[in-house]
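A.B. asks: So that we are looking at the same thing, I have put the structure below in structure tokens.
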Number of protein chains: 6
Amino acid sequence: MRILLINPNTSAFVTEACADVARRHVAPGTDIVAVTASRGVPIIGCRTENAIGAAMTVELAAEHAEGCDAVVLAVSFDSGLAAVRELLAIPVVGMSEAAMLTACLLGGRFAYLTFGSRAVPLYEELIQSYGLGRRSAGVIALPMLSPAELRDPARVAPPLLQAVGRAVEERGAESVVLGGAVFAGLADRLKPQSPVPLIDGIAAAVRMAAMLAATGFAKPRAGSYRHPTKKPIAGMADGIARLYGRLPEA
Amino acid sequence: MRILLINPNTSAFVTEACADVARRHVAPGTDIVAVTASRGVPIIGCRTENAIGAAMTVELAAEHAEGCDAVVLAVSFDSGLAAVRELLAIPVVGMSEAAMLTACLLGGRFAYLTFGSRAVPLYEELIQSYGLGRRSAGVIALPMLSPAELRDPARVAPPLLQAVGRAVEERGAESVVLGGAVFAGLADRLKPQSPVPLIDGIAAAVRMAAMLAATGFAKPRAGSYRHPTKKPIAGMADGIARLYGRLPEA
Amino acid sequence: MRILLINPNTSAFVTEACADVARRHVAPGTDIVAVTASRGVPIIGCRTENAIGAAMTVELAAEHAEGCDAVVLAVSFDSGLAAVRELLAIPVVGMSEAAMLTACLLGGRFAYLTFGSRAVPLYEELIQSYGLGRRSAGVIALPMLSPAELRDPARVAPPLLQAVGRAVEERGAESVVLGGAVFAGLADRLKPQSPVPLIDGIAAAVRMAAMLAATGFAKPRAGSYRHPTKKPIAGMADGIARLYGRLPEA
Amino acid sequence: MRILLINPNTSAFVTEACADVARRHVAPGTDIVAVTASRGVPIIGCRTENAIGAAMTVELAAEHAEGCDAVVLAVSFDSGLAAVRELLAIPVVGMSEAAMLTACLLGGRFAYLTFGSRAVPLYEELIQSYGLGRRSAGVIALPMLSPAELRDPARVAPPLLQAVGRAVEERGAESVVLGGAVFAGLADRLKPQSPVPLIDGIAAAVRMAAMLAATGFAKPRAGSYRHPTKKPIAGMADGIARLYGRLPEA
Amino acid sequence: MRILLINPNTSAFVTEACADVARRHVAPGTDIVAVTASRGVPIIGCRTENAIGAAMTVELAAEHAEGCDAVVLAVSFDSGLAAVRELLAIPVVGMSEAAMLTACLLGGRFAYLTFGSRAVPLYEELIQSYGLGRRSAGVIALPMLSPAELRDPARVAPPLLQAVGRAVEERGAESVVLGGAVFAGLADRLKPQSPVPLIDGIAAAVRMAAMLAATGFAKPRAGSYRHPTKKPIAGMADGIARLYGRLPEA
Amino acid sequence: MRILLINPNTSAFVTEACADVARRHVAPGTDIVAVTASRGVPIIGCRTENAIGAAMTVELAAEHAEGCDAVVLAVSFDSGLAAVRELLAIPVVGMSEAAMLTACLLGGRFAYLTFGSRAVPLYEELIQSYGLGRRSAGVIALPMLSPAELRDPARVAPPLLQAVGRAVEERGAESVVLGGAVFAGLADRLKPQSPVPLIDGIAAAVRMAAMLAATGFAKPRAGSYRHPTKKPIAGMADGIARLYGRLPEA
């Protein structure tokens with residue numbers, strides 16, 4: 001099996017960190033093909049960048065999906081998820097979506113943890129867009145750290161575990177989603193110290209993507225996730241143009 | 001006052017039709033500056049095209065907003081609305097959003113009318129994303145018509161008025177949103193025959209945009225709609241690069 | 001254009017303050033006709049007074065709407081809104097409703113600010129009744145001030161701006177509705193000091209009423225907002241009796 | 001025990017029918033004191049009349065509640081319920097509210113039956129205002145009948161039972177609320193023929209009012225249902241003026 | 001009238017305390033038949049015990065309901081409520097359900113009070129399962145007390161009244177449900193000191209059960225609360241086997 | 001890996017059918033240990049049987065979980081899911097829960113298909129209990145078939161595919177959950193003929209259970225899914241008594 005991992009940010013080090021986690025969570029023989037955006041911002045952090053990132057996800061998916069069995073989005077806003085799910089014939093899973101659905105499987109309500117308060121409403125809207133508001137115990141913002149600090153577990157662990165504790169005590173969270181590609185790998189390292197499950201979005205997403213691919217769901221032939229219909233498309237990246245050229249007539 | 005009307009589709013005739021309606025609904029002396037995407041599809045009709053269109057909206061807004069007092073999105077999915085609202089310092093209004101909020105002002109629940117069933121879930125999700133599910137009487141799909149048929153009122157009016165009747169009788173709709181740029185101008189023409197108000201998204205949006213601009217709301221300095229923070233941005237259109245260059249530091 | 005501004009309280013000074021704000025927010029040539037209840041309480045502050053006020057709104061509307069193009073309710077509970085919207089053939093807008101819908105146009109969730117905790121549940125129920133619960137960041141009560149204090153900006157500004165700050169920090173509010181006729185005019189004065197938009201209900205309502213009137217929506221001929229049917233009515237004020245006398249047969 | 005039954009309509013025959021049902025559902029020794037509005041309309045049927053009726057309910061309650069142990073509102077819109085509940089120190093129960101809560105006690109979702117489609121949105125909004133949307137299987141309108149027809153069981157029973165059947169089959173209703181004072185007494189007569197429980201609002205309300213009175217809940221001293229505070233009140237009916245004169249200072 | 005009070009816990013002293021309260025809240029001549037589980041745990045405190053308790057409720061109901069007119073569940077999780085309501089032909093009322101619906105009748109939102117934080121999510125889910133989320137002001141956990149402490153009013157009253165105060169001030173609660181059989185009788189004792197109504201689940205449940213029995217609702221013949229259909233049943237307690245033997249064929 | 005598959009019904013042929021499907025959906029080397037209830041009913045079909053079945057699930061889990069890595073519930077009501085998830089230290093997944101979450105991963109709203117209308121409200125309540133109401137396109141009942149008919153694909157396929165078609169056309173379903181152990185294996189056989197994905201609950205559940213077990217989530221030490229606390233337990237099956245004997249003190 002071959003899983004395409006798309007990072008619509010321009011930060012290759014994030015892609016690498018996510019791919020590492022992904023490789024630890026797939027069966028032997030499954031390849032992770034990781035791609036990084038060449039245009040856009042290093043780390044998507046607001047609505048503008050999310051819109052740009054979503055289009056970049058579509059572009060990267062169209063370019064690289066051929067020969068893959070499933071796609072994982074390595075961006076905590078799941079930017080472009082619904083679009084790519086519609087465009088391709090293979091399963092597509094977002095890292096936040098997968099983490100939240102994994103939390104559902106563990107029971108009760110989950111807290112969603114992020115760095116910096118700016119994006120809190122975006123995550124709340126993401127949760128609502130998945131219809132999972134009733135399962136959410138809230139989005140919790142840790143103080144923003146620098147990239148260097150984020151890579152230092154000794155620096156990250158204390159505030160993170162404290163936030164987990166508060167999520168459990170004050171909000172009744174029964175699990176905690178570590179939302180964001182920057183958290184990749186942290187859940188495995190910190191879980192012995194957490195009173196409730198910590199969920200890594202990349203781990204959840206590659207496992208769910210593999211599961212869907214192995215189950216074998218055919219591309220829908222009806223509804224809003226069936227293939228787009230063929231139409232003239234102008235000025236798009238080669239991959240998109242090529243895919244559109246092969247689409248069925250309306 | 002100068003209002004920028006953005007059509008992230010590549011169909012100039014749609015832009016023209018919308019601009020015509022817009023001009024009929026602004027005060028004398030207000031200019032409508034209408035722009036059309038040079039890349040993308042003629043008419044956005046699915047999730048993929050919506051993601052592409054949202055990025056195109058951001059690009060067009062960044063390129064053309066300077067010197068304008070407000071922005072109106074002339075696309076029924078309001079593609080890129082939240083992003084542009086965040087990016088710019090002037091009010092930004094989507095045509096479907098404005099139509100629905102106008103419906104709220106008229107009282108009761110509104111039906112949302114569209115051509116073709118494929119996009120029904122997209123409009124339902126749009127309504128949910130605005131938190132307006134409780135005001136919705138449902139999204140109703142008319143059979144898809146060709147562009148030529150759409151421009152012929154004698155062809156469009158009968159099925160449309162019949163759908164309005166059913167929305168009122170069967171779903172308790174107290175108003176009907178004519179969702180989609182292709183409907184631009186139809187509401188004015190058909191309203192004498194409709195038992196409940198018909199709402200034109202473009203008319204609603206330019207009026208609301210003008211109202212916000214005239215009231216004079218300052219750009220938020222906090223929250224998720226404040227300006228993005230400056231960061232390296234690569235490979236983006238000139239307008240976006242220029243705007244990002246001027247953003248405040250984090 | 002002529003807009004009827006109804007204050008179903010007996011406090012003429014509140015009517016005046018609201019009419020002043022209204023006049024600053026209409027186009028030249030638009031008249032504001034402001035009327036005050038002769039019966040009832042000085043300031044509606046509870047459910048009983050809200051019920052009495054709603055009937056008073058109906059009475060004042062029936063008496064004074066003739067020759068007007070739209071109605072604005074200058075009472076933060078929008079007392080009697082749905083009734084008058086049904087009774088008259090012209091647009092009717094409530095000040096809280098308009099402020100909340102304006103907040104929706106600015107994006108994200110709004111906080112609703114009021115003086116005194118007693119009415120907090122009433123405002124929460126009002127928000128729910130408009131189906132806007134998902135857009136609300138909560139109703140926040142400032143300590144009650146005396147009428148004299150309320151008219152002293154130096155006294156009102158500090159606690160109000162502090163509450164705005166907390167609404168943004170703790171509740172993720174992206175705008176703040178200053179709910180209540182007593183706030184009329186404050187938004188304009190305090191907005192330079194607020195990190196997010198402050199919304200004045202009267203300003204929002206007159207602008208939206210003018211917009212609806214200018215768009216030209218016909219009175220519904222179906223649904224629950226069409227005219228009441230003629231029936232014997234006893235002991236009502238002259239205006240209501242007169243209107244009922246002209247209603248269509250069932 | 002003495003229960004005040006308030007009909008804010010001017011139709012004495014409706015008051016009588018409701019009082020009859022009420023008397024069959026109270027313990028021996030409990031008196032039903034039934035009062036009818038002297039002003040307003042014969043049967044409240046729309047939003048305007050509901051607003052007028054609510055104020056009338058307040059007036060009648062203030063005038064007649066002294067010496068009573070509980071109040072029942074004999075009007076299907078529960079017009080004025082929250083206001084009177086706040087104003088008086090004794091329990092106040094609305095007939096639709098009581099019927100719906102009784103339906104909850106029987107399990108599953110209830111259908112709400114009414115005559116004529118005009119008021120369907122009003123009942124839907126009433127259900128929402130009680131926070132009972134999730135328990136509702138919908139509001140179903142029977143064709144409107146004349147008062148004479150309504151009093152003829154042979155005329156009413158067939159369409160009503162047919163509607164009950166459809167509510168069960170098509171909407172999954174597990175009980176049916178006969179909404180409206182005009183239905184008073186019908187539930188008892190038709191229940192042998194119904195596959196699911198039929199709920200009479202008056203029967204439910206007097207039983208619940210008696211239950212609350214017997215349990216002995218004190219008037220709240222905090223929150224939004226405590227007594228209004230004393231304030232100048234002008235031009236109100238004697239009963240209201242008298243009650244306001246006795247209220248506590250703020 | 002004869003009301004069966006089922007305690008699916010094995011603590012006879014809880015059954016006694018509940019039966020005492022029940023007897024104070026029924027009309028003269030009404031018998032309370034109280035039964036206690038012989039298998040299970042002393043006090044249900046978690047999901048496992050709730051599942052076991054629900055089956056025990058079914059068993060006790062099947063064994064003891066014959067000759068009774070209604071059933072009350074004396075367990076704060078209402079364990080087995082829907083099952084017994086379906087199985088028997090008489091009304092069945094849960095103590096938490098009845099307390100919450102009584103709170104609805106008093107107006108506004110209720111807080112639900114319990115000892116120990118572990119079960120807070122269970123009560124939140126219970127409230128949701130009744131579709132009453134919009135009426136809830138939250139579930140509040142008091143520090144866990146020992147059984148001996150729980151029986152000492154001087155020990156229980158101070159933290160409880162303090163929690164009531166906070167529920168009113170911080171959460172806008174307009175009434176407080178004392179959730180749990182261990183609270184039985186406390187509401188009557190503490191109500192003079194509470195600013196808002198305190199609701200005793202047992203008192204509410206027996207009154208509502210008596211009300212339903214007196215109204216006389218027939219067993220549904222359609223829907224999901226009609227009798228189960230006859231089928232082979234193995235290894236069940238005698239009462240259940242006997243009831244199943246008498247059920248109608250599918 | 002060893003997965004315990006629990007059928008709390010007494011029908012061994014259902015267990016076998018489910019175990020067959022399960023074995024086709026696990027990795028080589030994973031064992032499926034399938035157990036059937038010795039007490040209860042052949043097929044759970046109502047609320048009473050669901051309550052009995054839930055307790056049976058707890059009993060079977062306590063008896064057989066030792067040495068297993070995860071548990072799957074082979075009953076469409078997921079009877080006892082939350083209880084067993086709390087009681088054991090290994091992942092527990094219900095077949096309906098897993099099918100619905102898989103549907104979420106495919107995008108849009110799912111229809112839930114079942115045989116016979118009686119249980120429709122139970123499935124609706126199950127969906128609500130998972131907080132997935134916004135993702136549901138409704139529960140659809142096929143006419144009830146006999147066990148023999150259910151095992152004949154030629155008999156089952158036509159009505160089932162017709163129902164799928166209607167779910168897509170009329171309700172906007174983008175996938176269909178085949179709810180119920182009786183459907184086990186049908187999805188694989190019918191999927192070439194379905195326009196949208198058909199989801200088999202057993203396949204979904206074993207895959208998700210394996211995924212959770214492989215990820216390695218520790219038993220929560222806080223919240224409502226941590227182990228129950230030790231307490232005297234009477235009259236329970238050996239497995240439960242044994243587990244309770246090993247629980248930690250409160």
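Residues in the structure tokens are named by chain (A, B, ... in the order shown) and by number from 1 within that chain; ligands are numbered from 1 in the order shown.
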For chain E, report every residue with an atom at most 6 Å from chain D (counting only C-alpha atoms), formatted as a PyMOL selection string.

C.D. replies: chain E and resi 131+134+174+195-196+220-223

A.B. asks: Take the residues from that selection and write them out as a compact mmCIF listing (two decimals), in the first residue's frame, keeping C-alpha atoms.

C.D. replies:
# COMPACT_ATOMS: atom_id res chain seq x y z
CA GLY E 131 -33.41 16.14 24.55
CA ARG E 134 -31.10 23.53 26.03
CA GLU E 174 -33.31 29.20 37.85
CA PRO E 195 -32.83 31.38 46.53
CA VAL E 196 -34.29 29.17 43.79
CA PRO E 220 -49.55 2.33 22.84
CA ARG E 221 -50.48 -0.13 20.10
CA ALA E 222 -47.95 1.37 17.67
CA GLY E 223 -44.47 2.79 17.83

A.B. asks: Compile the contact shell of B:Glu63 as a PyMOL selection string: residues with an atom at most 12 Å away, counting only C-alpha atoms, same-chain residues fewer than 2 positions apart removed.

C.D. replies: chain B and resi 4+6+35-37+56-61+65-68+84+87-88+236-244

A.B. asks: Next, write the just-selected residues to a file, as a JSON list (two decimals), in the first residue's frame, keeping N, CA, C and O atoms as the atom set.

C.D. replies:
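Contents of part05.json, freshly written:
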[["chain", "number", "residue", "atom", "x", "y", "z"],
["B", 4, "LEU", "N", -16.13, 46.62, -4.57],
["B", 4, "LEU", "CA", -15.50, 45.64, -5.44],
["B", 4, "LEU", "C", -16.36, 44.38, -5.49],
["B", 4, "LEU", "O", -16.64, 43.78, -4.45],
["B", 6, "ILE", "N", -16.48, 40.64, -6.74],
["B", 6, "ILE", "CA", -15.55, 39.60, -7.20],
["B", 6, "ILE", "C", -16.30, 38.37, -7.69],
["B", 6, "ILE", "O", -17.08, 37.79, -6.93],
["B", 35, "VAL", "N", -14.79, 42.32, -11.08],
["B", 35, "VAL", "CA", -13.66, 41.57, -11.62],
["B", 35, "VAL", "C", -14.00, 40.09, -11.75],
["B", 35, "VAL", "O", -14.79, 39.55, -10.97],
["B", 36, "THR", "N", -13.39, 39.46, -12.73],
["B", 36, "THR", "CA", -13.66, 38.06, -13.05],
["B", 36, "THR", "C", -12.34, 37.29, -12.96],
["B", 36, "THR", "O", -11.29, 37.83, -13.31],
["B", 37, "ALA", "N", -12.43, 36.05, -12.52],
["B", 37, "ALA", "CA", -11.22, 35.23, -12.43],
["B", 37, "ALA", "C", -10.69, 34.93, -13.83],
["B", 37, "ALA", "O", -11.46, 34.71, -14.77],
["B", 56, "MET", "N", -8.87, 31.82, -5.51],
["B", 56, "MET", "CA", -8.96, 32.84, -6.56],
["B", 56, "MET", "C", -9.59, 34.11, -5.99],
["B", 56, "MET", "O", -9.17, 35.22, -6.33],
["B", 57, "THR", "N", -10.58, 33.94, -5.13],
["B", 57, "THR", "CA", -11.19, 35.12, -4.50],
["B", 57, "THR", "C", -10.14, 35.90, -3.71],
["B", 57, "THR", "O", -10.08, 37.13, -3.78],
["B", 58, "VAL", "N", -9.32, 35.17, -2.96],
["B", 58, "VAL", "CA", -8.27, 35.83, -2.18],
["B", 58, "VAL", "C", -7.34, 36.60, -3.12],
["B", 58, "VAL", "O", -7.00, 37.77, -2.88],
["B", 59, "GLU", "N", -6.99, 35.96, -4.21],
["B", 59, "GLU", "CA", -6.08, 36.59, -5.16],
["B", 59, "GLU", "C", -6.68, 37.85, -5.76],
["B", 59, "GLU", "O", -6.04, 38.91, -5.82],
["B", 60, "LEU", "N", -7.93, 37.75, -6.19],
["B", 60, "LEU", "CA", -8.59, 38.90, -6.80],
["B", 60, "LEU", "C", -8.79, 40.02, -5.79],
["B", 60, "LEU", "O", -8.66, 41.21, -6.11],
["B", 61, "ALA", "N", -9.12, 39.66, -4.58],
["B", 61, "ALA", "CA", -9.33, 40.67, -3.54],
["B", 61, "ALA", "C", -8.03, 41.41, -3.26],
["B", 61, "ALA", "O", -8.01, 42.65, -3.16],
["B", 65, "ALA", "N", -8.61, 45.28, -4.26],
["B", 65, "ALA", "CA", -9.37, 45.93, -3.18],
["B", 65, "ALA", "C", -8.89, 47.34, -2.88],
["B", 65, "ALA", "O", -9.65, 48.14, -2.33],
["B", 66, "GLU", "N", -7.68, 47.63, -3.23],
["B", 66, "GLU", "CA", -7.14, 48.94, -2.87],
["B", 66, "GLU", "C", -8.03, 50.06, -3.44],
["B", 66, "GLU", "O", -8.40, 50.04, -4.61],
["B", 67, "GLY", "N", -8.38, 50.99, -2.60],
["B", 67, "GLY", "CA", -9.22, 52.09, -3.04],
["B", 67, "GLY", "C", -10.71, 51.79, -2.97],
["B", 67, "GLY", "O", -11.54, 52.66, -3.22],
["B", 68, "CYS", "N", -11.05, 50.56, -2.61],
["B", 68, "CYS", "CA", -12.48, 50.22, -2.48],
["B", 68, "CYS", "C", -12.90, 50.33, -1.01],
["B", 68, "CYS", "O", -12.08, 50.29, -0.09],
["B", 84, "VAL", "N", -11.02, 36.44, 2.97],
["B", 84, "VAL", "CA", -10.89, 37.82, 2.51],
["B", 84, "VAL", "C", -11.32, 38.78, 3.61],
["B", 84, "VAL", "O", -10.75, 39.86, 3.78],
["B", 87, "LEU", "N", -8.32, 39.12, 5.64],
["B", 87, "LEU", "CA", -7.15, 39.72, 4.98],
["B", 87, "LEU", "C", -7.27, 41.23, 4.82],
["B", 87, "LEU", "O", -6.30, 41.96, 4.99],
["B", 88, "LEU", "N", -8.48, 41.69, 4.48],
["B", 88, "LEU", "CA", -8.66, 43.11, 4.17],
["B", 88, "LEU", "C", -9.15, 43.89, 5.39],
["B", 88, "LEU", "O", -9.67, 43.32, 6.35],
["B", 236, "MET", "N", 3.07, 33.32, -4.50],
["B", 236, "MET", "CA", 1.69, 33.80, -4.57],
["B", 236, "MET", "C", 1.60, 34.94, -5.59],
["B", 236, "MET", "O", 2.59, 35.55, -5.96],
["B", 237, "ALA", "N", 0.38, 35.24, -6.00],
["B", 237, "ALA", "CA", 0.15, 36.34, -6.94],
["B", 237, "ALA", "C", 0.66, 37.64, -6.33],
["B", 237, "ALA", "O", 0.75, 37.79, -5.11],
["B", 238, "ASP", "N", 0.95, 38.58, -7.21],
["B", 238, "ASP", "CA", 1.53, 39.85, -6.76],
["B", 238, "ASP", "C", 0.73, 40.53, -5.66],
["B", 238, "ASP", "O", 1.28, 41.02, -4.67],
["B", 239, "GLY", "N", -0.58, 40.57, -5.84],
["B", 239, "GLY", "CA", -1.42, 41.29, -4.86],
["B", 239, "GLY", "C", -1.27, 40.72, -3.47],
["B", 239, "GLY", "O", -1.13, 41.44, -2.48],
["B", 240, "ILE", "N", -1.28, 39.40, -3.38],
["B", 240, "ILE", "CA", -1.15, 38.75, -2.07],
["B", 240, "ILE", "C", 0.23, 39.03, -1.50],
["B", 240, "ILE", "O", 0.37, 39.39, -0.32],
["B", 241, "ALA", "N", 1.25, 38.89, -2.33],
["B", 241, "ALA", "CA", 2.61, 39.12, -1.86],
["B", 241, "ALA", "C", 2.74, 40.54, -1.33],
["B", 241, "ALA", "O", 3.33, 40.79, -0.28],
["B", 242, "ARG", "N", 2.16, 41.48, -2.07],
["B", 242, "ARG", "CA", 2.24, 42.88, -1.68],
["B", 242, "ARG", "C", 1.55, 43.09, -0.34],
["B", 242, "ARG", "O", 2.08, 43.72, 0.58],
["B", 243, "LEU", "N", 0.35, 42.56, -0.20],
["B", 243, "LEU", "CA", -0.38, 42.71, 1.07],
["B", 243, "LEU", "C", 0.39, 42.07, 2.22],
["B", 243, "LEU", "O", 0.50, 42.64, 3.30],
["B", 244, "TYR", "N", 0.90, 40.88, 1.99],
["B", 244, "TYR", "CA", 1.64, 40.21, 3.06],
["B", 244, "TYR", "C", 2.88, 41.00, 3.45],
["B", 244, "TYR", "O", 3.28, 41.00, 4.62]]

A.B. asks: Compile the contact shell of A:Ser146 as a PyMOL selection string: residues with an atom at most 12 Å away, counting only C-alpha atoms, same-chain residues fewer than 5 positions apart removed.

C.D. replies: (chain A and resi 43+115-116+151-152+155-156+182) or (chain B and resi 250)

A.B. asks: List every residue of stretch 19-247 of chain D that DSSP, applied to the backbone, labels as alpha helix (DSSP H), and write the result as an MDAnalysis selection string.

C.D. replies: chainID D and resid 19:24 47:64 81:87 95:106 120:129 147:150 153:171 186:190 201:215 238:246

A.B. asks: So which residues touch stretch 117-119 of chain D within 8 Å, counting only C-alpha atoms, skipping near sequence neighbours fewer than 4 positions away, as an NGL selection string?

C.D. replies: (:C and (223-224)) or (:D and (45-46 or 123 or 140-144))

A.B. asks: List as an mmCIF file with C-alpha atoms, in the first residue's frame the protein and nucleic acid residues near A:Glu16, meaning an atom at most 9 Å away when only C-alpha atoms are counted, but skip any in the same chain fewer than 5 places from it.

C.D. replies:
data_model
loop_
_atom_site.group_PDB
_atom_site.id
_atom_site.type_symbol
_atom_site.label_atom_id
_atom_site.label_comp_id
_atom_site.auth_asym_id
_atom_site.auth_seq_id
_atom_site.Cartn_x
_atom_site.Cartn_y
_atom_site.Cartn_z
ATOM 1 C CA SER A 11 7.935 23.719 5.757
ATOM 2 C CA VAL A 21 5.203 9.413 12.687
ATOM 3 C CA ALA A 34 5.341 12.786 1.570
#

A.B. asks: Which polymer residues have any atom within 12 Å of an atom of A:Asp20, counting only C-alpha atoms, with same-chain residues fewer than 6 positions away left out, as a PyMOL selection string?

C.D. replies: chain A and resi 5+13-14+26+31-34+74+181+184-186+202-203+206

A.B. asks: Just how far from atom CA of F:Val75 is atom CA of F:Gly29, in Å to one decimal?

C.D. replies: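 If I compute the distance from atom CA of F:Gly29 to atom CA of F:Val75, I get 24.5 Å.
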
A.B. asks: List every residue of stretch 92-218 of chain A that DSSP, applied to the backbone, labels as strand (DSSP E), and write the result as a list in words.

C.D. replies: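 These are the residues in question: Val92, Val93, Gly94, Phe110, Ala111, Tyr112, Leu113, Thr114, Phe115, Ser136, Ala137, Gly138, Val139, Ile140, Ala141, Leu142, Ser175, Val176, Val177, Leu178, Leu198, Ile199 and Asp200 of chain A.
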